[in-house]
$ cat start-v3.tsv   # TSV, C-alpha atoms
chain	number	residue	atom	x	y	z
N	268	MET	CA	52.85	14.31	-62.39
N	269	LYS	CA	54.65	10.99	-62.89
N	270	VAL	CA	52.33	8.20	-64.07
N	271	TYR	CA	52.87	4.44	-64.24
N	272	VAL	CA	50.38	2.39	-66.29
N	273	THR	CA	50.29	-1.41	-66.29
N	274	THR	CA	48.00	-4.44	-66.75
N	275	ASN	CA	47.90	-8.21	-66.53
N	276	GLY	CA	45.03	-8.40	-69.01
N	277	CYS	CA	44.46	-9.62	-72.56
N	278	GLU	CA	44.94	-7.56	-75.73
N	279	GLU	CA	41.85	-5.52	-74.91
N	280	GLY	CA	43.18	-4.65	-71.47
N	281	GLN	CA	46.58	-3.88	-72.97
N	282	ILE	CA	45.22	-1.55	-75.65
N	283	ASN	CA	42.93	0.19	-73.14
N	284	SER	CA	45.96	0.74	-70.93
N	285	ALA	CA	47.86	2.09	-73.92
N	286	TYR	CA	45.06	4.63	-74.52
N	287	VAL	CA	45.29	5.77	-70.90
N	288	GLU	CA	49.07	6.04	-71.02
N	289	GLU	CA	48.95	8.04	-74.24
N	290	PHE	CA	46.26	10.31	-72.78
N	291	PHE	CA	48.44	11.27	-69.83
N	292	LYS	CA	51.46	11.65	-72.08
N	293	VAL	CA	49.83	14.11	-74.50
N	294	ASN	CA	48.44	16.05	-71.55
N	295	ASP	CA	51.92	16.78	-70.19
N	296	SER	CA	52.23	14.05	-67.57
N	297	ARG	CA	55.50	12.13	-67.40
N	298	ILE	CA	55.24	8.38	-68.04
N	299	VAL	CA	57.63	6.29	-65.92
N	300	ARG	CA	58.55	2.61	-66.21
N	301	ASP	CA	59.08	2.02	-62.50
N	302	SER	CA	56.05	2.03	-60.20
N	303	ALA	CA	58.27	3.16	-57.30
N	304	GLN	CA	58.84	6.50	-59.06
N	305	ALA	CA	55.20	7.27	-59.85
N	306	ASP	CA	52.82	9.71	-58.22
N	307	LEU	CA	49.89	7.88	-59.87
N	308	VAL	CA	49.82	4.12	-60.47
N	309	ILE	CA	47.10	2.82	-62.81
N	310	PHE	CA	46.50	-0.94	-62.99
N	311	TYR	CA	44.05	-2.60	-65.39
N	312	ALA	CA	43.04	-5.79	-63.57
N	313	CYS	CA	41.91	-8.92	-65.42
N	314	GLY	CA	39.04	-10.86	-63.87
N	315	LEU	CA	37.91	-13.28	-66.58
N	316	THR	CA	38.68	-16.42	-64.57
N	317	LYS	CA	39.37	-17.26	-60.95
N	318	ALA	CA	43.04	-17.69	-61.81
N	319	SER	CA	43.24	-14.25	-63.40
N	320	GLU	CA	41.48	-12.74	-60.36
N	321	ILE	CA	44.07	-14.28	-58.04
N	322	ASP	CA	46.87	-12.97	-60.25
N	323	SER	CA	45.33	-9.47	-60.25
N	324	LEU	CA	45.19	-9.43	-56.45
N	325	ARG	CA	48.82	-10.52	-56.34
N	326	VAL	CA	49.84	-7.66	-58.64
N	327	ILE	CA	47.87	-5.13	-56.56
N	328	ARG	CA	49.67	-6.21	-53.39
N	329	GLU	CA	53.02	-5.97	-55.13
N	330	LEU	CA	52.25	-2.52	-56.51
N	331	LYS	CA	51.21	-1.27	-53.08
N	332	TYR	CA	54.43	-2.63	-51.62
N	333	ARG	CA	56.57	-0.88	-54.25
N	334	MET	CA	54.70	2.43	-54.44
N	335	LYS	CA	55.73	5.60	-52.65
N	336	PRO	CA	53.56	6.23	-49.56
N	337	SER	CA	52.33	9.45	-51.18
N	338	ALA	CA	51.38	7.80	-54.50
N	339	ARG	CA	47.79	7.10	-55.52
N	340	LEU	CA	46.62	3.73	-56.87
N	341	ILE	CA	43.76	3.32	-59.36
N	342	VAL	CA	42.57	-0.24	-60.04
N	343	TRP	CA	40.27	-0.43	-63.04
N	344	GLY	CA	39.24	-2.76	-65.83
N	345	CYS	CA	37.40	-6.09	-65.80
N	346	LEU	CA	37.93	-7.28	-62.23
N	347	PRO	CA	36.30	-4.25	-60.51
N	348	LYS	CA	33.15	-4.90	-62.54
N	349	ILE	CA	33.16	-8.70	-62.53
N	350	GLU	CA	34.07	-9.33	-58.89
N	351	PRO	CA	34.40	-6.02	-56.98
N	352	ARG	CA	34.13	-7.76	-53.59
N	353	SER	CA	37.48	-9.45	-54.19
N	354	LEU	CA	39.15	-6.05	-53.85
N	355	ALA	CA	37.89	-5.50	-50.30
N	356	GLY	CA	40.70	-5.22	-47.83
N	357	ILE	CA	43.44	-4.43	-50.33
N	358	TYR	CA	41.95	-1.56	-52.35
N	359	ASP	CA	39.70	1.27	-51.23
N	360	GLY	CA	39.78	3.48	-54.32
N	361	PRO	CA	37.09	4.15	-56.96
N	362	ILE	CA	35.53	1.32	-58.95
N	363	VAL	CA	36.33	2.03	-62.60
N	364	GLY	CA	35.19	-0.28	-65.39
N	365	SER	CA	36.77	-1.16	-68.72
N	366	THR	CA	34.66	1.33	-70.64
N	367	ASP	CA	34.98	4.21	-68.16
N	368	LEU	CA	37.88	5.94	-69.93
N	369	GLY	CA	36.36	9.34	-69.20
N	370	PHE	CA	37.21	8.83	-65.53
N	371	PHE	CA	40.85	9.65	-66.24
N	372	GLU	CA	39.94	13.07	-67.61
N	373	LYS	CA	38.48	13.91	-64.18
N	374	ILE	CA	41.84	13.16	-62.57
N	375	LEU	CA	43.54	15.87	-64.58
N	376	GLY	CA	40.62	18.29	-64.47
N	377	THR	CA	41.69	20.41	-67.44
N	378	THR	CA	42.94	18.59	-70.53
N	379	LYS	CA	44.35	19.77	-73.84
N	380	ILE	CA	43.35	16.59	-75.66
N	381	PRO	CA	40.35	14.49	-74.52
N	382	ILE	CA	40.86	10.77	-74.26
N	383	ASP	CA	38.40	10.09	-77.10
N	384	ASN	CA	40.81	11.86	-79.47
N	385	VAL	CA	43.83	9.81	-78.44
N	386	SER	CA	45.22	7.02	-80.63
N	387	ALA	CA	47.17	4.01	-79.39
N	388	ASN	CA	48.45	1.15	-81.54
N	389	VAL	CA	51.13	-0.50	-79.39
N	390	LEU	CA	50.18	-2.71	-76.46
N	391	ILE	CA	51.24	-2.07	-72.87
N	392	PRO	CA	53.36	-5.06	-71.73
N	393	ARG	CA	51.73	-7.36	-69.19
N	394	GLU	CA	52.79	-6.97	-65.57
N	395	THR	CA	54.56	-10.02	-64.17
N	396	PHE	CA	56.76	-8.93	-61.24
N	397	ARG	CA	59.02	-11.92	-61.73
N	398	ILE	CA	61.62	-12.65	-59.06
N	399	PRO	CA	65.15	-11.91	-60.42
N	400	SER	CA	66.46	-14.82	-62.48
N	401	PHE	CA	69.66	-15.08	-60.45
N	402	SER	CA	67.68	-16.52	-57.53
N	403	PRO	CA	68.65	-20.23	-57.07
N	404	LEU	CA	65.03	-21.07	-56.24
N	405	VAL	CA	63.84	-19.47	-59.46
N	406	ARG	CA	66.48	-21.25	-61.53
N	407	LEU	CA	65.44	-24.58	-60.02
N	408	THR	CA	61.73	-23.85	-60.54
N	409	ARG	CA	62.27	-22.87	-64.16
N	410	SER	CA	64.26	-26.04	-64.77
N	411	ILE	CA	61.46	-28.19	-63.38
N	412	LEU	CA	58.86	-26.36	-65.42
N	413	TYR	CA	60.96	-26.71	-68.56
N	414	LEU	CA	61.39	-30.45	-68.07
N	415	SER	CA	57.67	-30.85	-67.40
N	416	GLU	CA	56.72	-29.01	-70.60
N	417	THR	CA	56.26	-31.27	-73.60
N	418	PRO	CA	58.43	-30.31	-76.59
N	419	LEU	CA	55.22	-30.13	-78.61
N	420	LYS	CA	53.86	-27.33	-76.42
N	421	VAL	CA	57.08	-25.37	-76.71
N	422	LEU	CA	57.07	-25.78	-80.48
N	423	ARG	CA	53.45	-24.66	-80.64
N	424	TYR	CA	54.09	-21.33	-78.94
N	425	ARG	CA	57.35	-20.71	-80.77
N	426	GLU	CA	55.64	-21.38	-84.08
N	427	ARG	CA	52.79	-19.01	-83.22
N	428	GLU	CA	55.20	-16.24	-82.29
N	429	SER	CA	57.72	-16.72	-85.10
N	430	ARG	CA	55.30	-17.12	-87.99
N	431	ILE	CA	52.18	-15.14	-87.15
N	432	PHE	CA	53.70	-12.40	-85.02
N	433	ARG	CA	57.27	-12.34	-86.33
N	434	ASN	CA	57.08	-8.68	-87.37
N	435	PRO	CA	55.96	-5.71	-85.25
N	436	ILE	CA	52.18	-5.57	-85.01
N	437	TYR	CA	49.99	-2.51	-85.45
N	438	TRP	CA	47.06	-3.04	-83.08
N	439	ILE	CA	43.72	-1.47	-83.98
N	440	ARG	CA	40.73	-1.54	-81.65
N	441	VAL	CA	37.60	-1.89	-83.76
N	442	SER	CA	34.92	-2.55	-81.15
N	443	THR	CA	34.22	-3.36	-77.52
N	444	GLY	CA	31.58	-5.57	-75.96
N	445	CYS	CA	29.59	-8.29	-77.69
N	446	THR	CA	26.15	-9.36	-78.89
N	447	GLU	CA	26.20	-12.75	-77.21
N	448	HIS	CA	25.13	-14.03	-73.78
N	449	CYS	CA	27.44	-17.01	-73.29
N	450	THR	CA	26.67	-18.68	-69.99
N	451	TYR	CA	30.33	-19.38	-69.13
N	452	CYS	CA	31.72	-15.89	-69.80
N	453	SER	CA	31.97	-12.94	-67.41
N	454	ASP	CA	33.27	-10.46	-69.99
N	455	ARG	CA	29.85	-8.97	-70.69
N	456	CYS	CA	29.71	-7.73	-67.07
N	457	ALA	CA	32.80	-5.66	-67.83
N	458	TRP	CA	32.23	-4.58	-71.43
N	459	GLY	CA	28.47	-4.63	-72.03
N	460	GLY	CA	26.92	-4.82	-75.49
N	461	ILE	CA	28.66	-4.26	-78.81
N	462	HIS	CA	30.05	-0.79	-79.39
N	463	SER	CA	31.69	-0.43	-82.80
N	464	ARG	CA	34.06	2.32	-83.79
N	465	PRO	CA	33.11	4.22	-86.97
N	466	THR	CA	34.49	2.50	-90.06
N	467	HIS	CA	36.30	5.60	-91.28
N	468	LYS	CA	38.23	5.87	-88.00
N	469	VAL	CA	39.39	2.25	-88.18
N	470	VAL	CA	40.41	2.64	-91.83
N	471	SER	CA	42.22	5.90	-91.02
N	472	GLU	CA	44.29	4.14	-88.33
N	473	PHE	CA	45.01	1.31	-90.76
N	474	LYS	CA	46.28	3.77	-93.40
N	475	ARG	CA	48.49	5.44	-90.81
N	476	GLY	CA	49.99	2.07	-89.92
N	477	LEU	CA	50.70	1.36	-93.59
N	478	LYS	CA	52.48	4.69	-93.96
N	479	MET	CA	54.59	3.86	-90.93
N	480	GLY	CA	55.72	0.65	-92.64
N	481	TYR	CA	53.81	-1.93	-90.61
N	482	GLU	CA	53.06	-5.28	-92.25
N	483	ARG	CA	50.96	-6.95	-89.54
N	484	PHE	CA	47.63	-5.54	-88.37
N	485	PHE	CA	45.66	-7.05	-85.49
N	486	LEU	CA	42.00	-6.06	-85.16
N	487	ILE	CA	41.15	-6.04	-81.45
N	488	SER	CA	37.61	-7.01	-80.51
N	489	SER	CA	35.99	-9.58	-78.26
N	490	ASP	CA	33.22	-10.11	-80.85
N	491	LEU	CA	34.75	-9.17	-84.21
N	492	GLY	CA	32.07	-10.91	-86.26
N	493	ALA	CA	29.45	-8.59	-84.73
N	494	TYR	CA	31.33	-5.47	-85.80
N	495	GLY	CA	28.98	-2.82	-87.15
N	496	ALA	CA	25.76	-4.33	-85.78
N	497	ASP	CA	25.15	-1.13	-83.80
N	498	ILE	CA	26.17	1.37	-86.53
N	499	GLY	CA	24.57	-0.08	-89.65
N	500	SER	CA	27.72	-1.70	-91.00
N	501	ASN	CA	29.42	-5.10	-90.86
N	502	LEU	CA	32.82	-6.79	-90.86
N	503	PRO	CA	33.01	-7.54	-94.63
N	504	THR	CA	32.38	-3.86	-95.40
N	505	LEU	CA	35.18	-2.80	-93.05
N	506	LEU	CA	37.63	-5.37	-94.41
N	507	GLU	CA	36.79	-4.53	-98.02
N	508	ARG	CA	37.72	-0.90	-97.43
N	509	MET	CA	40.93	-1.96	-95.70
N	510	VAL	CA	42.19	-4.39	-98.34
N	511	LYS	CA	41.40	-1.97	-101.18
N	512	THR	CA	43.46	0.77	-99.52
N	513	ASP	CA	46.73	-0.55	-100.94
N	514	THR	CA	46.59	-3.71	-103.04
N	515	ASN	CA	50.31	-3.67	-103.88
N	516	ARG	CA	51.72	-3.82	-100.36
N	517	ASP	CA	52.51	-7.17	-98.75
N	518	TYR	CA	50.69	-7.01	-95.41
N	519	LYS	CA	48.51	-9.33	-93.35
N	520	ILE	CA	45.44	-8.69	-91.19
N	521	VAL	CA	44.72	-10.85	-88.13
N	522	LEU	CA	41.04	-11.63	-87.43
N	523	ASN	CA	41.15	-13.32	-84.05
N	524	GLN	CA	37.63	-13.30	-82.55
N	525	ILE	CA	34.98	-14.32	-85.05
N	526	ASN	CA	32.15	-16.20	-83.38
N	527	PRO	CA	31.17	-19.24	-85.51
N	528	TYR	CA	27.62	-17.84	-85.69
N	529	TYR	CA	28.90	-14.82	-87.59
N	530	LEU	CA	31.48	-16.80	-89.55
N	531	LYS	CA	28.68	-18.94	-90.98
N	532	ASN	CA	26.37	-15.98	-91.75
N	533	LEU	CA	29.11	-13.76	-93.22
N	534	TYR	CA	31.11	-16.42	-95.03
N	535	HIS	CA	29.81	-15.66	-98.52
N	536	ASP	CA	30.69	-11.98	-98.18
N	537	LEU	CA	34.11	-12.79	-96.68
N	538	GLU	CA	35.29	-15.04	-99.52
N	539	ASP	CA	36.49	-12.14	-101.69
N	540	ILE	CA	38.38	-10.77	-98.68
N	541	PHE	CA	40.08	-14.13	-98.13
N	542	ASP	CA	40.88	-14.30	-101.86
N	543	SER	CA	42.79	-11.01	-101.63
N	544	GLY	CA	45.63	-12.75	-99.81
N	545	LYS	CA	45.62	-10.07	-97.11
N	546	ILE	CA	44.25	-12.19	-94.25
N	547	GLY	CA	47.04	-13.79	-92.22
N	548	LEU	CA	45.06	-15.48	-89.45
N	549	LEU	CA	41.43	-16.23	-88.71
N	550	GLY	CA	40.41	-17.29	-85.23
N	551	SER	CA	36.96	-18.73	-84.62
N	552	GLN	CA	36.33	-20.14	-81.14
N	553	VAL	CA	34.15	-23.26	-81.38
N	554	GLN	CA	34.48	-24.18	-77.65
N	555	SER	CA	32.90	-27.66	-77.91
N	556	GLY	CA	32.11	-30.41	-80.38
N	557	SER	CA	28.87	-31.26	-78.59
N	558	ASN	CA	25.79	-29.39	-79.78
N	559	ARG	CA	24.10	-30.14	-76.47
N	560	ILE	CA	26.91	-28.41	-74.61
N	561	LEU	CA	26.97	-25.53	-77.10
N	562	LYS	CA	23.28	-24.95	-76.44
N	563	LEU	CA	23.89	-24.88	-72.68
N	564	MET	CA	26.74	-22.44	-73.32
N	565	GLY	CA	24.36	-20.11	-75.12
N	566	ARG	CA	26.25	-20.45	-78.41
N	567	ARG	CA	24.07	-19.96	-81.47
N	568	TYR	CA	25.55	-22.48	-83.89
N	569	ALA	CA	26.19	-26.17	-84.34
N	570	ALA	CA	29.69	-27.64	-84.21
N	571	GLU	CA	29.34	-28.94	-87.76
N	572	ASP	CA	28.64	-25.37	-88.99
N	573	TRP	CA	31.99	-24.24	-87.59
N	574	LYS	CA	33.82	-27.25	-88.97
N	575	GLU	CA	32.33	-26.84	-92.44
N	576	CYS	CA	33.35	-23.16	-92.64
N	577	MET	CA	36.86	-23.71	-91.31
N	578	GLN	CA	37.57	-26.69	-93.55
N	579	ARG	CA	36.28	-24.75	-96.54
N	580	ILE	CA	38.73	-21.95	-95.75
N	581	HIS	CA	41.47	-24.53	-95.27
N	582	ALA	CA	40.76	-26.05	-98.68
N	583	ARG	CA	40.36	-22.81	-100.65
N	584	PHE	CA	42.79	-20.55	-98.79
N	585	PRO	CA	45.41	-22.86	-97.26
N	586	ARG	CA	47.85	-20.04	-96.47
N	587	ILE	CA	45.48	-18.48	-93.92
N	588	PHE	CA	46.42	-19.59	-90.41
N	589	LEU	CA	43.38	-21.00	-88.62
N	590	SER	CA	42.93	-21.09	-84.86
N	591	THR	CA	40.27	-21.97	-82.30
N	592	HIS	CA	39.56	-22.37	-78.57
N	593	LEU	CA	38.28	-25.57	-76.98
N	594	MET	CA	36.81	-25.79	-73.47
N	595	VAL	CA	36.63	-28.84	-71.23
N	596	GLY	CA	34.81	-29.31	-67.95
N	597	PHE	CA	31.68	-27.33	-68.77
N	598	PRO	CA	28.84	-28.38	-66.42
N	599	THR	CA	27.16	-31.69	-67.38
N	600	GLU	CA	29.89	-32.48	-69.95
N	601	SER	CA	29.85	-36.26	-70.34
N	602	ASP	CA	32.49	-38.58	-71.76
N	603	GLU	CA	30.45	-38.65	-74.97
N	604	ASP	CA	30.39	-34.84	-75.15
N	605	PHE	CA	34.13	-34.75	-74.61
N	606	GLU	CA	34.76	-37.30	-77.35
N	607	MET	CA	32.77	-35.11	-79.74
N	608	THR	CA	35.18	-32.28	-78.99
N	609	MET	CA	38.15	-34.60	-79.52
N	610	LYS	CA	36.76	-35.56	-82.94
N	611	LEU	CA	36.92	-31.94	-84.10
N	612	LEU	CA	40.68	-32.47	-84.33
N	613	ASP	CA	40.56	-35.73	-86.29
N	614	LYS	CA	41.41	-33.91	-89.51
N	615	VAL	CA	44.46	-31.65	-89.52
N	616	PHE	CA	43.58	-28.12	-90.60
N	617	LEU	CA	44.21	-25.90	-87.57
N	618	ASP	CA	47.45	-24.00	-86.93
N	619	SER	CA	46.68	-23.08	-83.33
N	620	VAL	CA	44.40	-24.68	-80.74
N	621	ILE	CA	44.02	-23.14	-77.29
N	622	VAL	CA	42.60	-25.59	-74.74
N	623	PHE	CA	41.25	-24.27	-71.45
N	624	THR	CA	38.98	-25.34	-68.61
N	625	PHE	CA	35.64	-23.98	-67.44
N	626	SER	CA	36.10	-21.51	-64.58
N	627	GLN	CA	33.39	-21.07	-61.98
N	628	ARG	CA	32.49	-17.42	-61.32
N	629	GLU	CA	29.64	-16.23	-59.10
N	630	ASN	CA	28.17	-14.02	-61.82
N	631	VAL	CA	28.39	-16.68	-64.54
N	632	PRO	CA	25.07	-18.53	-65.13
N	633	ALA	CA	26.77	-21.84	-65.91
N	634	SER	CA	28.26	-21.89	-62.41
N	635	ARG	CA	24.75	-22.45	-61.07
N	636	LEU	CA	23.97	-25.41	-63.31
N	637	PRO	CA	23.69	-28.86	-61.75
N	638	GLY	CA	26.21	-31.45	-62.83
N	639	GLN	CA	29.45	-29.55	-62.22
N	640	VAL	CA	32.40	-31.60	-63.51
N	641	SER	CA	35.00	-32.53	-60.90
N	642	PRO	CA	38.47	-30.91	-61.12
N	643	LYS	CA	40.07	-34.37	-61.47
N	644	VAL	CA	37.97	-35.28	-64.50
N	645	THR	CA	38.40	-31.82	-66.00
N	646	GLN	CA	42.18	-31.97	-65.68
N	647	LYS	CA	42.31	-35.45	-67.23
N	648	ARG	CA	40.26	-34.27	-70.22
N	649	PHE	CA	42.34	-31.11	-70.50
N	650	SER	CA	45.60	-33.09	-70.72
N	651	LYS	CA	44.19	-35.54	-73.25
N	652	LEU	CA	42.74	-32.84	-75.50
N	653	ARG	CA	45.82	-30.64	-75.28
N	654	LEU	CA	48.07	-33.51	-76.34
N	655	LYS	CA	45.90	-34.14	-79.40
N	656	ALA	CA	45.85	-30.42	-80.16
N	657	ASP	CA	49.66	-30.28	-79.97
N	658	LEU	CA	50.02	-33.26	-82.30
N	659	ASN	CA	47.49	-31.69	-84.66
N	660	THR	CA	49.23	-28.32	-84.88
N	661	LEU	CA	52.70	-29.90	-85.13
N	662	THR	CA	51.51	-31.92	-88.12
N	663	ARG	CA	50.11	-28.75	-89.64
N	664	ARG	CA	53.50	-27.11	-89.11
N	665	ALA	CA	55.19	-29.96	-90.99
N	666	GLN	CA	52.73	-29.52	-93.86
N	667	ARG	CA	53.57	-25.85	-94.16
N	668	LEU	CA	57.32	-26.57	-94.17
N	669	THR	CA	56.86	-28.66	-97.32
N	670	TRP	CA	55.49	-25.60	-99.17
N	671	ARG	CA	58.79	-23.73	-98.93
$ encode --input "start-v3.tsv" --output "structure tokens"
Amino acid sequence: MKVYVTTNGCEEGQINSAYVEEFFKVNDSRIVRDSAQADLVIFYACGLTKASEIDSLRVIRELKYRMKPSARLIVWGCLPKIEPRSLAGIYDGPIVGSTDLGFFEKILGTTKIPIDNVSANVLIPRETFRIPSFSPLVRLTRSILYLSETPLKVLRYRERESRIFRNPIYWIRVSTGCTEHCTYCSDRCAWGGIHSRPTHKVVSEFKRGLKMGYERFFLISSDLGAYGADIGSNLPTLLERMVKTDTNRDYKIVLNQINPYYLKNLYHDLEDIFDSGKIGLLGSQVQSGSNRILKLMGRRYAAEDWKECMQRIHARFPRIFLSTHLMVGFPTESDEDFEMTMKLLDKVFLDSVIVFTFSQRENVPASRLPGQVSPKVTQKRFSKLRLKADLNTLTRRAQRLTWR
């Protein structure tokens, strides 16, 4: 059987897709890189925001157009769990969620290697279905987009790719799900509560990556700070075992999803890990500078707690790249709330700032709050905050250049 596996999702969707691809490969199926050649097409559909839902539906239509009439399509992942009704009319197959990996064993019936015993450490590329670049319309569109992009934004992404991810990355999934109940997020519908992998399995994968010569390790989790909460362990214990595996090698570990609540509570135990010099990036998503908004979001920390921890890391461990996410347009966000978020960037200490807007979803509690912010106001705040974020990170880049 010829199998084509693809996704338009985040790192979690990409690594899940990689597990599925590897499962079919080790069980004697042939993996193909062209959906038109496949007998089975498997698409992991992102559904986090309305925009990602629209993109997923676009990819499904394109896949159906390109597939052989005899081929079978399986749409799985976040979208079928978050907004299954959106698939009506274009997909009539089974509804398979992000955690339902066992479903793929049923397709084969008899398997030599179960999917739980499969390892995958390279991400499946995201599906784009771009129109060929020789199209005059595409060339014109790209030119307009390029001219409309600020040089600062281009520099930001190039810096992120060239410095943090300049070498091949060994991706390790450490947990799925989360412990939080954020009122703006639909991910919990898809992933459920925290489910941590055993520490020895994560460390074993890490050792294998070291033996293969990798120097960058990315720990995949949507709630990394909560790692171990369900298995009697925690993140500092995991990291301690990892960094003590080989103290002489020059490698870096990326910690990209540490909720500020856990960063504050685990900080004391993480200091020795930071001092090892093995942490390359730490991402902690503060979302807002307004404690009132954070409370409405269901976030269990104050903005000043996040800022204190991040600035402490900046002062003591300046070579660790620091990143965060900031949201604008959350329901009831006032000008004063927005200015509080802007003030988080008054001092330069962040290497990467991702700014995004609140997305209304039917299953997201915040979508039912009164005081929804208008798209016009949201876009204005987004542009203003992103410009400050770009200036902030560009200044940080200049600071780092002086160290060389």
$ residues_around --input "start-v3.tsv" --residues "Ile436 (chain N)" --least-positions-apart "2" --cutoff "12 Å" --atoms "all atoms listed in the file" --output "list in words"
Glu278, Asn388, Val389, Leu390, Glu428, Ile431, Phe432, Arg433, Asn434, Trp438, Ile439, Phe473, Gly476, Leu477, Met479, Gly480, Tyr481, Glu482, Arg483, Phe484, Phe485, Leu486, Ile487, Tyr518, Lys519, Ile520 and Val521 of chain N
$ atom_distance --input "start-v3.tsv" --atom1 "CA of Arg586 (chain N)" --atom2 "CA of Gly544 (chain N)"
8.3 Å
$ closest_residue --input "start-v3.tsv" --among "N:Asp367, N:Glu288, N:Asp359, N:Asp322" --to "Leu307 (chain N)" --atoms "only C-alpha atoms"
N:Glu288
$ closest_residue --input "start-v3.tsv" --among "N:Ser386, N:Thr660, N:Ser543, N:Ser555" --to "Glu571 (chain N)" --atoms "only C-alpha atoms"
N:Ser555
$ closest_atom_pairs --input "start-v3.tsv" --of "region 433-543 of chain N" --to "region 617-626 of chain N" --cutoff "12 Å" --atoms "only C-alpha atoms" --output "JSON lines"
{"residue": "N:Thr450", "atom": "CA", "partner": "N:Phe625", "partner_atom": "CA", "distance": 10.7}
{"residue": "N:Tyr451", "atom": "CA", "partner": "N:Phe625", "partner_atom": "CA", "distance": 7.2}
{"residue": "N:Cys452", "atom": "CA", "partner": "N:Ser626", "partner_atom": "CA", "distance": 8.8}
{"residue": "N:Ser453", "atom": "CA", "partner": "N:Ser626", "partner_atom": "CA", "distance": 9.9}
{"residue": "N:Asn523", "atom": "CA", "partner": "N:Ser619", "partner_atom": "CA", "distance": 11.2}
$ write_last_selection --input "start-v3.tsv" --atoms "C-alpha atoms" --output "PDB file, in the frame of the given file"
ATOM      1  CA  THR N 450      26.670 -18.680 -69.990  1.00  0.00           C
ATOM      2  CA  TYR N 451      30.330 -19.380 -69.130  1.00  0.00           C
ATOM      3  CA  CYS N 452      31.720 -15.890 -69.800  1.00  0.00           C
ATOM      4  CA  SER N 453      31.970 -12.940 -67.410  1.00  0.00           C
ATOM      5  CA  ASN N 523      41.150 -13.320 -84.050  1.00  0.00           C
TER       6      ASN N 523
END
$ residues_near_point --input "start-v3.tsv" --point "(50.5, -2.6, -68.3)" --cutoff "6 Å" --atoms "only C-alpha atoms" --output "PDB file with C-alpha atoms, in the coordinates of the input"
ATOM      1  CA  VAL N 272      50.380   2.390 -66.290  1.00  0.00           C
ATOM      2  CA  THR N 273      50.290  -1.410 -66.290  1.00  0.00           C
ATOM      3  CA  THR N 274      48.000  -4.440 -66.750  1.00  0.00           C
ATOM      4  CA  ILE N 391      51.240  -2.070 -72.870  1.00  0.00           C
ATOM      5  CA  PRO N 392      53.360  -5.060 -71.730  1.00  0.00           C
ATOM      6  CA  ARG N 393      51.730  -7.360 -69.190  1.00  0.00           C
ATOM      7  CA  GLU N 394      52.790  -6.970 -65.570  1.00  0.00           C
TER       8      GLU N 394
END
$ atom_distance --input "start-v3.tsv" --atom1 "CA of Gly550 (chain N)" --atom2 "CA of Phe588 (chain N)"
8.3 Å
$ atom_distance --input "start-v3.tsv" --atom1 "CA of Gly364 (chain N)" --atom2 "CA of Cys345 (chain N)"
6.2 Å
$ closest_residue --input "start-v3.tsv" --among "N:Thr662, N:Gly460, N:Leu522, N:Ala312" --to "Lys545 (chain N)" --atoms "all atoms listed in the file"
N:Leu522
$ residues_around --input "start-v3.tsv" --residues "Val595 (chain N)" --least-positions-apart "5" --cutoff "12 Å" --atoms "all atoms listed in the file" --output "number ranges by chain"
N: 451, 553-557, 560-561, 564, 600-602, 604-609, 621-626, 639-653
$ write_last_selection --input "start-v3.tsv" --atoms "C-alpha atoms" --output "mmCIF file, in the coordinates of the input"
data_model
loop_
_atom_site.group_PDB
_atom_site.id
_atom_site.type_symbol
_atom_site.label_atom_id
_atom_site.label_comp_id
_atom_site.auth_asym_id
_atom_site.auth_seq_id
_atom_site.Cartn_x
_atom_site.Cartn_y
_atom_site.Cartn_z
ATOM 1 C CA TYR N 451 30.330 -19.380 -69.130
ATOM 2 C CA VAL N 553 34.150 -23.260 -81.380
ATOM 3 C CA GLN N 554 34.480 -24.180 -77.650
ATOM 4 C CA SER N 555 32.900 -27.660 -77.910
ATOM 5 C CA GLY N 556 32.110 -30.410 -80.380
ATOM 6 C CA SER N 557 28.870 -31.260 -78.590
ATOM 7 C CA ILE N 560 26.910 -28.410 -74.610
ATOM 8 C CA LEU N 561 26.970 -25.530 -77.100
ATOM 9 C CA MET N 564 26.740 -22.440 -73.320
ATOM 10 C CA GLU N 600 29.890 -32.480 -69.950
ATOM 11 C CA SER N 601 29.850 -36.260 -70.340
ATOM 12 C CA ASP N 602 32.490 -38.580 -71.760
ATOM 13 C CA ASP N 604 30.390 -34.840 -75.150
ATOM 14 C CA PHE N 605 34.130 -34.750 -74.610
ATOM 15 C CA GLU N 606 34.760 -37.300 -77.350
ATOM 16 C CA MET N 607 32.770 -35.110 -79.740
ATOM 17 C CA THR N 608 35.180 -32.280 -78.990
ATOM 18 C CA MET N 609 38.150 -34.600 -79.520
ATOM 19 C CA ILE N 621 44.020 -23.140 -77.290
ATOM 20 C CA VAL N 622 42.600 -25.590 -74.740
ATOM 21 C CA PHE N 623 41.250 -24.270 -71.450
ATOM 22 C CA THR N 624 38.980 -25.340 -68.610
ATOM 23 C CA PHE N 625 35.640 -23.980 -67.440
ATOM 24 C CA SER N 626 36.100 -21.510 -64.580
ATOM 25 C CA GLN N 639 29.450 -29.550 -62.220
ATOM 26 C CA VAL N 640 32.400 -31.600 -63.510
ATOM 27 C CA SER N 641 35.000 -32.530 -60.900
ATOM 28 C CA PRO N 642 38.470 -30.910 -61.120
ATOM 29 C CA LYS N 643 40.070 -34.370 -61.470
ATOM 30 C CA VAL N 644 37.970 -35.280 -64.500
ATOM 31 C CA THR N 645 38.400 -31.820 -66.000
ATOM 32 C CA GLN N 646 42.180 -31.970 -65.680
ATOM 33 C CA LYS N 647 42.310 -35.450 -67.230
ATOM 34 C CA ARG N 648 40.260 -34.270 -70.220
ATOM 35 C CA PHE N 649 42.340 -31.110 -70.500
ATOM 36 C CA SER N 650 45.600 -33.090 -70.720
ATOM 37 C CA LYS N 651 44.190 -35.540 -73.250
ATOM 38 C CA LEU N 652 42.740 -32.840 -75.500
ATOM 39 C CA ARG N 653 45.820 -30.640 -75.280
#
